[in-house]
Amino acid sequence: MAGELTRMSAAGLAAAMAAGEVSALEVTDAHLARIGEVDDAVHAFLHVAADGARQAARAVDERRAAGEVLGPLAGVPLALKDVFTTTDMPTTCGSAILNGWRPPYDATVTRRLRQTGVVILGKTNMDEFAMGSSTENSAFGPSHNPWDLSRVPGGSSGGSAAAVAGFEAPLGIGTDTGGSIRQPAAVCGVVGVKPTYGGPSRYGVVAFASSLDTPGPLARTVLDAALLHETMAGHDPCDSTSVNAPVPPVVAAARQADVSGLTIGVVPELGGEGYQPGVLARFGEAVDLLESLGAKVVEVSCPHFSYALPAYYLIAPSECSSNLARFDAMRYGLRVGDDGTRSADEVMSLTRAQGFGAEVKRRIMLGTYALSSGYYDAYYGKAQQVRTLIIRDFQAAFEQVDVLVSPSTPTTAFPLGERVDDPLAMYVADLCTIPSDLAGNAALSVPCGLAAEDGLPVGLQIMAPVLADDRLYRVGAAVEAALDSRRGHPLLDEANGLT
Amino acid sequence: MPIARDDVAHLARLSRMDLAEAELDHLAAQLDVIISAVARVQEVAVEGVPPTSHAVPLVNVFRDDVEWPCLSAEEALDQAPAVEQQRFRVPRILAED
């Protein structure tokens with residue numbers, strides 16, 4: 001039974017618990033056992049909160065026994081990216097500068113999970129401060145892709161994606177700043193969603209690039225992602241950038257799973273040269289599939305998308321250099337060299353040099369450069385103008401089509417170590433995902449098969465207008481249902497990196 | 001325009017990071033490559049295009065002015081690297097002379 005429980009969807013587990021077939025404690029114990037079996041190899045988790053999880057599960061069982069009506073995900077276990085503050089667990093952001101830090105407050109997302117009875121199994125590995133596409137920038141060692149342990153799980157939310165793909169948790173939460181949910185979801189063969197910016201609250205999410213950071217769900221099915229999306233999103237007065245509007249009807253859309261009557265745009269700028277042939281082949285088939293399911297498919301050019309990557313690597317580092325100034329060794333976190341002779345300035349400089357990893361240093365310095373007088377207009381200012389043009393490209397496209405599609409990533413999961421000291425090669429992993437972060441619109445990655453040349457998962461990216469997140473789920477669920485039915489089983493059943 | 005090693009040392013000082021010589025050399029080469037790549041934004045015709053600092057524009061966001069429990073001194077100081085007399089103890093901030 002324990003093995004079966006870890007293969008079930010969140011919706012399936014919730015139904016079984018509601019029907020009294022299994023307790024929340026049994027579900028949690030099954031997942032803790034799975035983590036015990038495989039996480040030495042996967043290293044999805046930085047911290048497993050076994051006692052806290054079992055306590056939360058018991059509380060759900062007691063509330064259910066008392067006749068309380070519980071939320072749709074009550075008792076379902078979840079893997080939380082280590083960038084969300086948690087009062088009962090460390091929050092490190094994958095950084096030595098926050099090693100062992102215990103935040104004094106819960107993130108809004110954390111609080112909502114607790115209130116709705118979602119069981120937090122622990123905190124997952126990530127690229128330091130969410131900067132990276134492989135988890136190799138974690139100060140605590142990389143995570144491994146459950147499809148092939150010698151490959152990266154993507155990043156920065158690679159730990160959450162690997163936990164979901166490795167059946168260590170049915171649900172995961174990540175954050176997406178340049179693709180950090182969709183890219184790991186794609187290369188791990190799971191579903192990942194970047195909601196509209198401001199949908200889920202950023203309160204208690206340690207900031208990387210505040211105008212881009214967006215929390216979102218990871219799951220093995222589109223419906224599960226929708227259930228988590230509805231649970232975690234919603235207006236929050238503690239986040240002044242939180243959108244004060246109803247959460248789009250994502251669960252209903254996932255259940256609708258029908259594309260008839262929709263017009264779908266293929267973006268020619270996201271494809272072609274530099275893309276892996278197996279990725280392009282699966283993407284082409286997915287487009288044909290959408291057409292066969294009743295969608296009208298057209299090509300829509302977004303000419304400025306070609307400049308999204310350079311614009312992003314000016315805007316995000318600029319915001320990062322400002323946000324990470326808070327790690328000053330004074331009120332919390334690491335302090336190095338405070339021997340009574342050194343000044344605050346010297347202690348700060350020693351601490352930051354020792355506490356930050358190579359990629360964080362690169363980005364802080366790049367941002368400092370882009371914002372410095374004399375270069376501001378030529379770099380940061382220009383990037384902000386390009387950002388406007390990318391938003392206009394989306395607006396023009398969405399006048400013609402309901403959603404846009406592209407591959408989620410240019411390649412499948414790459415080998416660990418291959419790109420870690422080649423920043424530009426690493427940055428290209430987010431080529432397809434960055435435009436939606438710059439524009440703030442919603443986007444989803446859903447598995448669309450395996451690349452012929454390496455047998456690794458390929459993601460189909462679906463992009464929808466701001467606050468039309470429901471369209472992602474409608475289209476994503478239709479693709480998922482058609483592919484699962486054609487294949488006869490879910491794609492993840494073919495993952496054999498773990499025994 | 002290539003970025004010189006001295007520029008990188010200056011950026012490190014501005015960023016309050018006391019980097020070793022070898023690290024500066026390594027970073028200088030990488031930053032040069034990255035900056036050349038991102039400089040592509042300068043190819044785009046942006047005459048008259050307003051800059052976007054925030055994709056979903058919101059202005060003057062207020063919340064209700066309600067009382068709200070705040071951290072106790074003990075909670076606020078709990079994770080401090082050094083504490084003295086119920087305050088954050090920091091290294092000296094002024095020169096000694």
# chains A, B, ... in the order shown; residues from 1 in each chain; ligands from 1
>>> residues_around(residues="region 239-253 of chain A", least_positions_apart="2", cutoff="10 Å", atoms="only C-alpha atoms", output="PyMOL selection string")
(chain A and resi 108+195-204+210-211+222-237+255-258+467-478) or (chain B and resi 54+56-63)
>>> write_last_selection(atoms="N, CA and C atoms", output="short mmCIF file (atom, residue, chain, number, x, y, z; two decimals), in the first residue's frame")
data_model
loop_
_atom_site.label_atom_id
_atom_site.label_comp_id
_atom_site.auth_asym_id
_atom_site.auth_seq_id
_atom_site.Cartn_x
_atom_site.Cartn_y
_atom_site.Cartn_z
N THR A 108 3.37 33.95 3.46
CA THR A 108 1.91 33.81 3.25
C THR A 108 1.59 32.46 2.63
N PRO A 195 2.29 31.29 -12.37
CA PRO A 195 1.03 32.05 -12.44
C PRO A 195 1.30 33.48 -12.89
N THR A 196 0.25 34.22 -13.17
CA THR A 196 0.38 35.66 -13.42
C THR A 196 1.13 36.29 -12.25
N TYR A 197 2.05 37.21 -12.56
CA TYR A 197 2.78 37.91 -11.51
C TYR A 197 1.79 38.56 -10.54
N GLY A 198 2.03 38.39 -9.24
CA GLY A 198 1.12 38.98 -8.26
C GLY A 198 -0.03 38.07 -7.89
N GLY A 199 -0.12 36.90 -8.52
CA GLY A 199 -1.18 35.93 -8.17
C GLY A 199 -0.94 35.36 -6.78
N PRO A 200 0.07 34.51 -6.61
CA PRO A 200 0.45 34.09 -5.27
C PRO A 200 1.35 35.14 -4.62
N SER A 201 1.22 35.30 -3.32
CA SER A 201 1.94 36.35 -2.60
C SER A 201 3.44 36.09 -2.53
N ARG A 202 4.22 37.18 -2.57
CA ARG A 202 5.67 37.09 -2.37
C ARG A 202 6.07 37.34 -0.92
N TYR A 203 5.10 37.60 -0.04
CA TYR A 203 5.43 37.88 1.36
C TYR A 203 6.10 36.64 1.97
N GLY A 204 7.31 36.82 2.46
CA GLY A 204 8.04 35.69 3.04
C GLY A 204 8.77 34.85 2.01
N SER A 210 12.52 41.36 -7.54
CA SER A 210 11.16 41.57 -7.03
C SER A 210 10.11 41.80 -8.12
N SER A 211 10.50 42.35 -9.26
CA SER A 211 9.49 42.61 -10.29
C SER A 211 9.22 41.36 -11.13
N VAL A 222 -1.88 17.96 -14.38
CA VAL A 222 -2.33 19.34 -14.55
C VAL A 222 -3.40 19.67 -13.50
N LEU A 223 -4.29 18.72 -13.22
CA LEU A 223 -5.33 18.97 -12.22
C LEU A 223 -4.71 19.21 -10.83
N ASP A 224 -3.71 18.41 -10.48
CA ASP A 224 -3.05 18.60 -9.18
C ASP A 224 -2.42 19.99 -9.09
N ALA A 225 -1.79 20.42 -10.18
CA ALA A 225 -1.19 21.75 -10.19
C ALA A 225 -2.26 22.81 -9.99
N ALA A 226 -3.42 22.60 -10.61
CA ALA A 226 -4.52 23.57 -10.49
C ALA A 226 -5.04 23.62 -9.05
N LEU A 227 -5.16 22.47 -8.42
CA LEU A 227 -5.64 22.43 -7.03
C LEU A 227 -4.67 23.19 -6.11
N LEU A 228 -3.38 23.01 -6.37
CA LEU A 228 -2.40 23.71 -5.54
C LEU A 228 -2.38 25.21 -5.86
N HIS A 229 -2.53 25.53 -7.13
CA HIS A 229 -2.58 26.95 -7.56
C HIS A 229 -3.70 27.67 -6.80
N GLU A 230 -4.89 27.06 -6.78
CA GLU A 230 -6.03 27.70 -6.10
C GLU A 230 -5.78 27.83 -4.60
N THR A 231 -5.06 26.86 -4.05
CA THR A 231 -4.80 26.88 -2.61
C THR A 231 -3.79 27.97 -2.25
N MET A 232 -2.78 28.18 -3.10
CA MET A 232 -1.70 29.08 -2.72
C MET A 232 -1.89 30.53 -3.18
N ALA A 233 -2.76 30.77 -4.16
CA ALA A 233 -2.89 32.11 -4.72
C ALA A 233 -3.96 32.92 -3.98
N GLY A 234 -4.08 34.18 -4.36
CA GLY A 234 -5.09 35.05 -3.78
C GLY A 234 -4.48 36.30 -3.19
N HIS A 235 -5.28 37.34 -3.12
CA HIS A 235 -4.78 38.65 -2.70
C HIS A 235 -4.23 38.61 -1.28
N ASP A 236 -3.11 39.32 -1.08
CA ASP A 236 -2.47 39.37 0.24
C ASP A 236 -2.09 40.81 0.55
N PRO A 237 -2.70 41.40 1.56
CA PRO A 237 -2.37 42.79 1.91
C PRO A 237 -0.92 42.96 2.35
N ARG A 255 -10.39 20.63 -15.34
CA ARG A 255 -11.39 19.58 -15.51
C ARG A 255 -12.03 19.65 -16.89
N GLN A 256 -12.09 20.86 -17.44
CA GLN A 256 -12.70 21.05 -18.76
C GLN A 256 -11.84 20.37 -19.84
N ALA A 257 -10.52 20.60 -19.78
CA ALA A 257 -9.56 19.90 -20.65
C ALA A 257 -10.03 19.79 -22.10
N ASP A 258 -10.34 20.93 -22.69
CA ASP A 258 -10.91 20.91 -24.04
C ASP A 258 -10.40 22.13 -24.81
N LEU A 467 -3.70 37.22 -15.92
CA LEU A 467 -4.94 36.84 -15.24
C LEU A 467 -5.84 35.90 -16.05
N ALA A 468 -5.29 35.32 -17.13
CA ALA A 468 -6.05 34.28 -17.85
C ALA A 468 -5.37 32.93 -17.61
N ASP A 469 -4.91 32.73 -16.39
CA ASP A 469 -4.19 31.50 -16.03
C ASP A 469 -5.02 30.25 -16.32
N ASP A 470 -6.35 30.37 -16.25
CA ASP A 470 -7.22 29.20 -16.48
C ASP A 470 -7.01 28.59 -17.87
N ARG A 471 -6.68 29.44 -18.86
CA ARG A 471 -6.47 28.90 -20.22
C ARG A 471 -5.31 27.90 -20.27
N LEU A 472 -4.29 28.15 -19.44
CA LEU A 472 -3.14 27.24 -19.40
C LEU A 472 -3.59 25.84 -19.04
N TYR A 473 -4.47 25.79 -18.04
CA TYR A 473 -4.90 24.50 -17.49
C TYR A 473 -5.84 23.79 -18.46
N ARG A 474 -6.66 24.57 -19.13
CA ARG A 474 -7.59 23.99 -20.10
C ARG A 474 -6.79 23.31 -21.22
N VAL A 475 -5.80 24.02 -21.75
CA VAL A 475 -5.01 23.46 -22.84
C VAL A 475 -4.07 22.36 -22.33
N GLY A 476 -3.42 22.63 -21.20
CA GLY A 476 -2.47 21.66 -20.65
C GLY A 476 -3.14 20.34 -20.32
N ALA A 477 -4.33 20.40 -19.74
CA ALA A 477 -5.04 19.17 -19.37
C ALA A 477 -5.48 18.39 -20.62
N ALA A 478 -5.82 19.12 -21.68
CA ALA A 478 -6.22 18.45 -22.92
C ALA A 478 -5.04 17.69 -23.53
N HIS B 54 7.89 47.41 -13.92
CA HIS B 54 7.01 46.47 -13.27
C HIS B 54 5.94 46.03 -14.27
N VAL B 56 3.09 44.36 -13.99
CA VAL B 56 1.68 44.55 -13.65
C VAL B 56 1.59 45.83 -12.83
N PRO B 57 1.33 46.95 -13.49
CA PRO B 57 1.45 48.23 -12.79
C PRO B 57 0.37 48.44 -11.73
N LEU B 58 0.81 48.77 -10.55
CA LEU B 58 -0.09 49.11 -9.44
C LEU B 58 0.50 50.36 -8.81
N VAL B 59 -0.33 51.31 -8.46
CA VAL B 59 0.20 52.49 -7.78
C VAL B 59 -0.58 52.76 -6.51
N ASN B 60 0.08 53.37 -5.56
CA ASN B 60 -0.55 53.77 -4.30
C ASN B 60 -1.37 52.64 -3.69
N VAL B 61 -0.70 51.55 -3.39
CA VAL B 61 -1.38 50.42 -2.76
C VAL B 61 -1.37 50.62 -1.24
N PHE B 62 -2.54 50.64 -0.66
CA PHE B 62 -2.65 50.78 0.78
C PHE B 62 -3.38 49.59 1.36
N ARG B 63 -3.09 49.31 2.62
CA ARG B 63 -3.93 48.34 3.32
C ARG B 63 -4.53 49.03 4.53
#
>>> interface_residues(of="chain B", to="chain A", cutoff="7 Å", atoms="only C-alpha atoms", output="PyMOL selection string")
chain B and resi 11-12+15-19+27+31+34+37-42+46+49-56+58+61+63+75+79-81+88+90-93
>>> write_last_selection(atoms="N, CA and C atoms", output="compact mmCIF listing (two decimals), in the first residue's frame")
# COMPACT_ATOMS: atom_id res chain seq x y z
N LEU B 11 33.90 47.13 -8.80
CA LEU B 11 32.55 46.59 -8.60
C LEU B 11 32.48 45.74 -7.34
N ALA B 12 33.54 44.97 -7.09
CA ALA B 12 33.57 44.14 -5.89
C ALA B 12 33.55 45.01 -4.64
N SER B 15 30.15 46.39 -4.15
CA SER B 15 29.23 45.32 -3.74
C SER B 15 29.58 44.77 -2.36
N ARG B 16 30.58 45.33 -1.71
CA ARG B 16 31.03 44.85 -0.39
C ARG B 16 31.32 43.35 -0.42
N MET B 17 32.23 42.99 -1.34
CA MET B 17 32.69 41.59 -1.40
C MET B 17 34.21 41.63 -1.50
N ASP B 18 34.86 41.08 -0.48
CA ASP B 18 36.32 41.10 -0.39
C ASP B 18 36.88 39.89 -1.15
N LEU B 19 36.99 40.03 -2.46
CA LEU B 19 37.33 38.86 -3.29
C LEU B 19 38.84 38.68 -3.42
N LEU B 27 36.44 36.12 -12.46
CA LEU B 27 35.20 36.87 -12.67
C LEU B 27 35.33 37.91 -13.77
N LEU B 31 32.65 38.13 -16.63
CA LEU B 31 31.79 39.31 -16.73
C LEU B 31 31.95 39.97 -18.09
N ILE B 34 29.79 38.03 -20.45
CA ILE B 34 28.35 38.24 -20.18
C ILE B 34 27.93 39.65 -20.63
N ALA B 37 27.50 39.95 -24.23
CA ALA B 37 26.28 39.28 -24.71
C ALA B 37 25.04 40.12 -24.41
N VAL B 38 24.95 40.68 -23.20
CA VAL B 38 23.74 41.43 -22.86
C VAL B 38 23.70 42.79 -23.54
N ALA B 39 24.85 43.26 -24.01
CA ALA B 39 24.89 44.54 -24.71
C ALA B 39 24.04 44.51 -25.99
N ARG B 40 23.61 43.32 -26.39
CA ARG B 40 22.71 43.21 -27.56
C ARG B 40 21.45 44.04 -27.41
N VAL B 41 21.04 44.35 -26.19
CA VAL B 41 19.83 45.18 -26.04
C VAL B 41 20.00 46.53 -26.73
N GLN B 42 21.26 46.92 -26.93
CA GLN B 42 21.50 48.23 -27.56
C GLN B 42 21.20 48.23 -29.06
N VAL B 46 14.59 51.74 -29.69
CA VAL B 46 13.71 51.98 -28.54
C VAL B 46 13.32 53.46 -28.42
N VAL B 49 10.15 54.70 -26.60
CA VAL B 49 9.48 53.61 -25.88
C VAL B 49 9.66 53.83 -24.38
N PRO B 50 8.56 53.86 -23.62
CA PRO B 50 8.72 54.06 -22.17
C PRO B 50 9.32 52.83 -21.51
N PRO B 51 10.10 53.01 -20.45
CA PRO B 51 10.66 51.85 -19.75
C PRO B 51 9.61 51.17 -18.88
N THR B 52 9.73 49.87 -18.69
CA THR B 52 8.85 49.14 -17.77
C THR B 52 9.68 48.70 -16.57
N SER B 53 9.26 49.12 -15.39
CA SER B 53 9.95 48.63 -14.19
C SER B 53 9.16 47.51 -13.55
N HIS B 54 7.89 47.41 -13.92
CA HIS B 54 7.01 46.47 -13.27
C HIS B 54 5.94 46.03 -14.27
N ALA B 55 5.81 44.71 -14.47
CA ALA B 55 4.94 44.23 -15.55
C ALA B 55 3.47 44.46 -15.26
N VAL B 56 3.09 44.36 -13.99
CA VAL B 56 1.68 44.55 -13.65
C VAL B 56 1.59 45.83 -12.83
N LEU B 58 0.81 48.77 -10.55
CA LEU B 58 -0.09 49.11 -9.44
C LEU B 58 0.50 50.36 -8.81
N VAL B 61 -0.70 51.55 -3.39
CA VAL B 61 -1.38 50.42 -2.76
C VAL B 61 -1.37 50.62 -1.24
N ARG B 63 -3.09 49.31 2.62
CA ARG B 63 -3.93 48.34 3.32
C ARG B 63 -4.53 49.03 4.53
N GLU B 75 12.39 37.61 19.86
CA GLU B 75 12.22 36.99 18.54
C GLU B 75 13.09 37.69 17.50
N GLN B 79 18.09 35.34 15.94
CA GLN B 79 19.00 34.84 14.92
C GLN B 79 20.19 35.79 14.69
N ALA B 80 20.37 36.74 15.56
CA ALA B 80 21.46 37.72 15.38
C ALA B 80 22.81 37.06 15.60
N PRO B 81 23.82 37.46 14.82
CA PRO B 81 25.17 36.92 15.01
C PRO B 81 25.75 37.32 16.37
N PHE B 88 21.20 44.46 18.68
CA PHE B 88 22.16 43.86 17.74
C PHE B 88 23.53 44.46 18.03
N VAL B 90 27.09 45.22 16.66
CA VAL B 90 27.74 45.30 15.35
C VAL B 90 29.19 45.73 15.52
N PRO B 91 30.04 45.42 14.55
CA PRO B 91 31.41 45.92 14.60
C PRO B 91 31.42 47.45 14.52
N ARG B 92 32.57 48.05 14.87
CA ARG B 92 32.62 49.53 14.86
C ARG B 92 32.30 50.08 13.47
N ILE B 93 31.60 51.21 13.49
CA ILE B 93 31.21 51.80 12.21
C ILE B 93 31.94 53.10 11.95
>>> residues_around(residues="Thr28 (chain A)", least_positions_apart="6", cutoff="9 Å", atoms="only C-alpha atoms", output="MDAnalysis selection string")
chainID A and resid 50 53:54 57 75:77 119 121
>>> write_last_selection(atoms="C-alpha atoms", output="PDB file, in the first residue's frame")
ATOM      1  CA  ALA A  50       9.458  14.241   9.642  1.00  0.00           C
ATOM      2  CA  ALA A  53       4.873  16.528   8.933  1.00  0.00           C
ATOM      3  CA  ARG A  54       3.521  13.652  11.000  1.00  0.00           C
ATOM      4  CA  ALA A  57      -1.002  14.869   9.238  1.00  0.00           C
ATOM      5  CA  GLY A  75      -3.524  15.772   4.260  1.00  0.00           C
ATOM      6  CA  VAL A  76      -1.663  15.829   0.939  1.00  0.00           C
ATOM      7  CA  PRO A  77       2.142  16.010   1.366  1.00  0.00           C
ATOM      8  CA  VAL A 119       1.448  18.585   4.962  1.00  0.00           C
ATOM      9  CA  LEU A 121       7.391  17.307   4.238  1.00  0.00           C
TER      10      LEU A 121
END
>>> atom_distance(atom1="CA of Gly449 (chain A)", atom2="CA of Ala44 (chain A)")
23.2 Å
>>> select_by_dssp(residues="region 141-381 of chain A", states="strand (DSSP E or B)", output="NGL selection string")
:A and (145 or 148 or 151 or 171-176 or 191-194 or 200 or 205 or 214-219 or 233 or 263-266 or 296-299 or 343)
>>> write_last_selection(atoms="N, CA and C atoms", output="PDB file, in the first residue's frame")
ATOM      1  N   ASN A 145      18.571  14.392 -11.306  1.00  0.00           N
ATOM      2  CA  ASN A 145      17.339  14.159 -12.057  1.00  0.00           C
ATOM      3  C   ASN A 145      16.907  12.694 -11.922  1.00  0.00           C
ATOM      4  N   ASP A 148      17.658  10.328 -14.784  1.00  0.00           N
ATOM      5  CA  ASP A 148      19.052   9.962 -15.014  1.00  0.00           C
ATOM      6  C   ASP A 148      19.867  10.730 -13.973  1.00  0.00           C
ATOM      7  N   ARG A 151      22.364  13.546 -14.461  1.00  0.00           N
ATOM      8  CA  ARG A 151      21.939  14.803 -15.095  1.00  0.00           C
ATOM      9  C   ARG A 151      21.283  15.748 -14.096  1.00  0.00           C
ATOM     10  N   LEU A 171       3.195  16.869  -4.655  1.00  0.00           N
ATOM     11  CA  LEU A 171       3.126  18.299  -4.948  1.00  0.00           C
ATOM     12  C   LEU A 171       4.418  18.974  -4.525  1.00  0.00           C
ATOM     13  N   GLY A 172       4.783  20.009  -5.266  1.00  0.00           N
ATOM     14  CA  GLY A 172       5.926  20.819  -4.893  1.00  0.00           C
ATOM     15  C   GLY A 172       5.596  22.276  -5.147  1.00  0.00           C
ATOM     16  N   ILE A 173       6.336  23.152  -4.458  1.00  0.00           N
ATOM     17  CA  ILE A 173       6.189  24.578  -4.740  1.00  0.00           C
ATOM     18  C   ILE A 173       7.558  25.125  -5.085  1.00  0.00           C
ATOM     19  N   GLY A 174       7.570  25.984  -6.113  1.00  0.00           N
ATOM     20  CA  GLY A 174       8.801  26.644  -6.520  1.00  0.00           C
ATOM     21  C   GLY A 174       8.558  28.127  -6.695  1.00  0.00           C
ATOM     22  N   THR A 175       9.585  28.815  -7.175  1.00  0.00           N
ATOM     23  CA  THR A 175       9.415  30.197  -7.601  1.00  0.00           C
ATOM     24  C   THR A 175      10.026  30.330  -8.983  1.00  0.00           C
ATOM     25  N   ASP A 176       9.420  31.201  -9.793  1.00  0.00           N
ATOM     26  CA  ASP A 176       9.827  31.378 -11.183  1.00  0.00           C
ATOM     27  C   ASP A 176      10.182  32.843 -11.383  1.00  0.00           C
ATOM     28  N   VAL A 191       4.614  18.706 -14.344  1.00  0.00           N
ATOM     29  CA  VAL A 191       3.892  19.928 -14.697  1.00  0.00           C
ATOM     30  C   VAL A 191       4.377  21.052 -13.788  1.00  0.00           C
ATOM     31  N   GLY A 192       4.652  22.213 -14.372  1.00  0.00           N
ATOM     32  CA  GLY A 192       5.062  23.365 -13.569  1.00  0.00           C
ATOM     33  C   GLY A 192       4.404  24.621 -14.091  1.00  0.00           C
ATOM     34  N   VAL A 193       3.966  25.476 -13.192  1.00  0.00           N
ATOM     35  CA  VAL A 193       3.218  26.667 -13.593  1.00  0.00           C
ATOM     36  C   VAL A 193       3.798  27.923 -12.972  1.00  0.00           C
ATOM     37  N   LYS A 194       4.000  28.923 -13.831  1.00  0.00           N
ATOM     38  CA  LYS A 194       4.269  30.274 -13.361  1.00  0.00           C
ATOM     39  C   LYS A 194       2.971  31.044 -13.477  1.00  0.00           C
ATOM     40  N   PRO A 200       0.070  34.509  -6.615  1.00  0.00           N
ATOM     41  CA  PRO A 200       0.452  34.086  -5.266  1.00  0.00           C
ATOM     42  C   PRO A 200       1.353  35.141  -4.618  1.00  0.00           C
ATOM     43  N   VAL A 205       8.838  35.327   0.772  1.00  0.00           N
ATOM     44  CA  VAL A 205       9.667  34.675  -0.252  1.00  0.00           C
ATOM     45  C   VAL A 205      10.943  35.511  -0.332  1.00  0.00           C
ATOM     46  N   THR A 214       7.836  34.942  -8.913  1.00  0.00           N
ATOM     47  CA  THR A 214       6.451  34.462  -8.841  1.00  0.00           C
ATOM     48  C   THR A 214       6.423  33.037  -8.303  1.00  0.00           C
ATOM     49  N   PRO A 215       5.791  32.822  -7.146  1.00  0.00           N
ATOM     50  CA  PRO A 215       5.631  31.457  -6.639  1.00  0.00           C
ATOM     51  C   PRO A 215       4.616  30.684  -7.484  1.00  0.00           C
ATOM     52  N   GLY A 216       4.803  29.370  -7.563  1.00  0.00           N
ATOM     53  CA  GLY A 216       3.849  28.577  -8.331  1.00  0.00           C
ATOM     54  C   GLY A 216       3.990  27.088  -8.039  1.00  0.00           C
ATOM     55  N   PRO A 217       3.018  26.299  -8.555  1.00  0.00           N
ATOM     56  CA  PRO A 217       2.953  24.875  -8.241  1.00  0.00           C
ATOM     57  C   PRO A 217       3.732  23.965  -9.191  1.00  0.00           C
ATOM     58  N   LEU A 218       4.177  22.828  -8.658  1.00  0.00           N
ATOM     59  CA  LEU A 218       4.703  21.708  -9.454  1.00  0.00           C
ATOM     60  C   LEU A 218       3.913  20.468  -9.048  1.00  0.00           C
ATOM     61  N   ALA A 219       3.594  19.618 -10.023  1.00  0.00           N
ATOM     62  CA  ALA A 219       2.794  18.432  -9.735  1.00  0.00           C
ATOM     63  C   ALA A 219       2.980  17.427 -10.860  1.00  0.00           C
ATOM     64  N   ALA A 233      -2.759  30.768  -4.156  1.00  0.00           N
ATOM     65  CA  ALA A 233      -2.894  32.109  -4.721  1.00  0.00           C
ATOM     66  C   ALA A 233      -3.961  32.916  -3.983  1.00  0.00           C
ATOM     67  N   THR A 263      -7.904  29.377 -30.419  1.00  0.00           N
ATOM     68  CA  THR A 263      -6.854  29.650 -31.403  1.00  0.00           C
ATOM     69  C   THR A 263      -5.511  29.667 -30.666  1.00  0.00           C
ATOM     70  N   ILE A 264      -4.588  28.883 -31.201  1.00  0.00           N
ATOM     71  CA  ILE A 264      -3.292  28.702 -30.538  1.00  0.00           C
ATOM     72  C   ILE A 264      -2.191  29.214 -31.446  1.00  0.00           C
ATOM     73  N   GLY A 265      -1.312  30.052 -30.908  1.00  0.00           N
ATOM     74  CA  GLY A 265      -0.246  30.644 -31.703  1.00  0.00           C
ATOM     75  C   GLY A 265       1.098  29.980 -31.449  1.00  0.00           C
ATOM     76  N   VAL A 266       1.791  29.636 -32.526  1.00  0.00           N
ATOM     77  CA  VAL A 266       3.158  29.127 -32.420  1.00  0.00           C
ATOM     78  C   VAL A 266       4.107  30.307 -32.630  1.00  0.00           C
ATOM     79  N   LYS A 296      -7.489  25.785 -33.474  1.00  0.00           N
ATOM     80  CA  LYS A 296      -6.979  26.378 -34.700  1.00  0.00           C
ATOM     81  C   LYS A 296      -5.554  26.847 -34.406  1.00  0.00           C
ATOM     82  N   VAL A 297      -4.599  26.422 -35.224  1.00  0.00           N
ATOM     83  CA  VAL A 297      -3.198  26.767 -34.964  1.00  0.00           C
ATOM     84  C   VAL A 297      -2.704  27.758 -36.013  1.00  0.00           C
ATOM     85  N   VAL A 298      -2.116  28.857 -35.543  1.00  0.00           N
ATOM     86  CA  VAL A 298      -1.539  29.855 -36.447  1.00  0.00           C
ATOM     87  C   VAL A 298      -0.129  30.207 -35.973  1.00  0.00           C
ATOM     88  N   GLU A 299       0.658  30.813 -36.862  1.00  0.00           N
ATOM     89  CA  GLU A 299       1.973  31.274 -36.441  1.00  0.00           C
ATOM     90  C   GLU A 299       1.872  32.753 -36.074  1.00  0.00           C
ATOM     91  N   SER A 343      36.300  46.760  11.097  1.00  0.00           N
ATOM     92  CA  SER A 343      35.139  47.640  11.030  1.00  0.00           C
ATOM     93  C   SER A 343      33.939  46.865  10.471  1.00  0.00           C
TER      94      SER A 343
END
>>> closest_residue(among="A:Val287, A:Val206, A:Met126, A:Val267", to="Asp393 (chain A)", atoms="only C-alpha atoms")
A:Val267
>>> select_by_dssp(residues="chain B", states="alpha helix (DSSP H)", output="MDAnalysis selection string")
chainID B and resid 5:14 21:38 73:77
>>> decode(residues="region 79-85 of chain A", atoms="N, CA and C atoms", output="tab-separated table (two decimals), in the first residue's frame")
chain	number	residue	atom	x	y	z
A	79	ALA	N	6.40	19.30	-1.04
A	79	ALA	CA	7.81	19.66	-0.93
A	79	ALA	C	7.94	21.16	-1.20
A	80	LEU	N	8.45	21.91	-0.22
A	80	LEU	CA	8.47	23.38	-0.31
A	80	LEU	C	9.89	23.88	-0.58
A	81	LYS	N	10.02	24.68	-1.61
A	81	LYS	CA	11.32	25.26	-1.96
A	81	LYS	C	11.87	26.05	-0.77
A	82	ASP	N	13.17	25.96	-0.57
A	82	ASP	CA	13.76	26.55	0.63
A	82	ASP	C	13.95	28.06	0.54
A	83	VAL	N	13.10	28.71	-0.24
A	83	VAL	CA	13.13	30.17	-0.34
A	83	VAL	C	11.92	30.78	0.37
A	84	PHE	N	10.98	29.90	0.80
A	84	PHE	CA	9.79	30.35	1.54
A	84	PHE	C	10.10	30.28	3.04
A	85	THR	N	9.81	31.34	3.76
A	85	THR	CA	10.12	31.31	5.19
A	85	THR	C	9.18	30.37	5.92
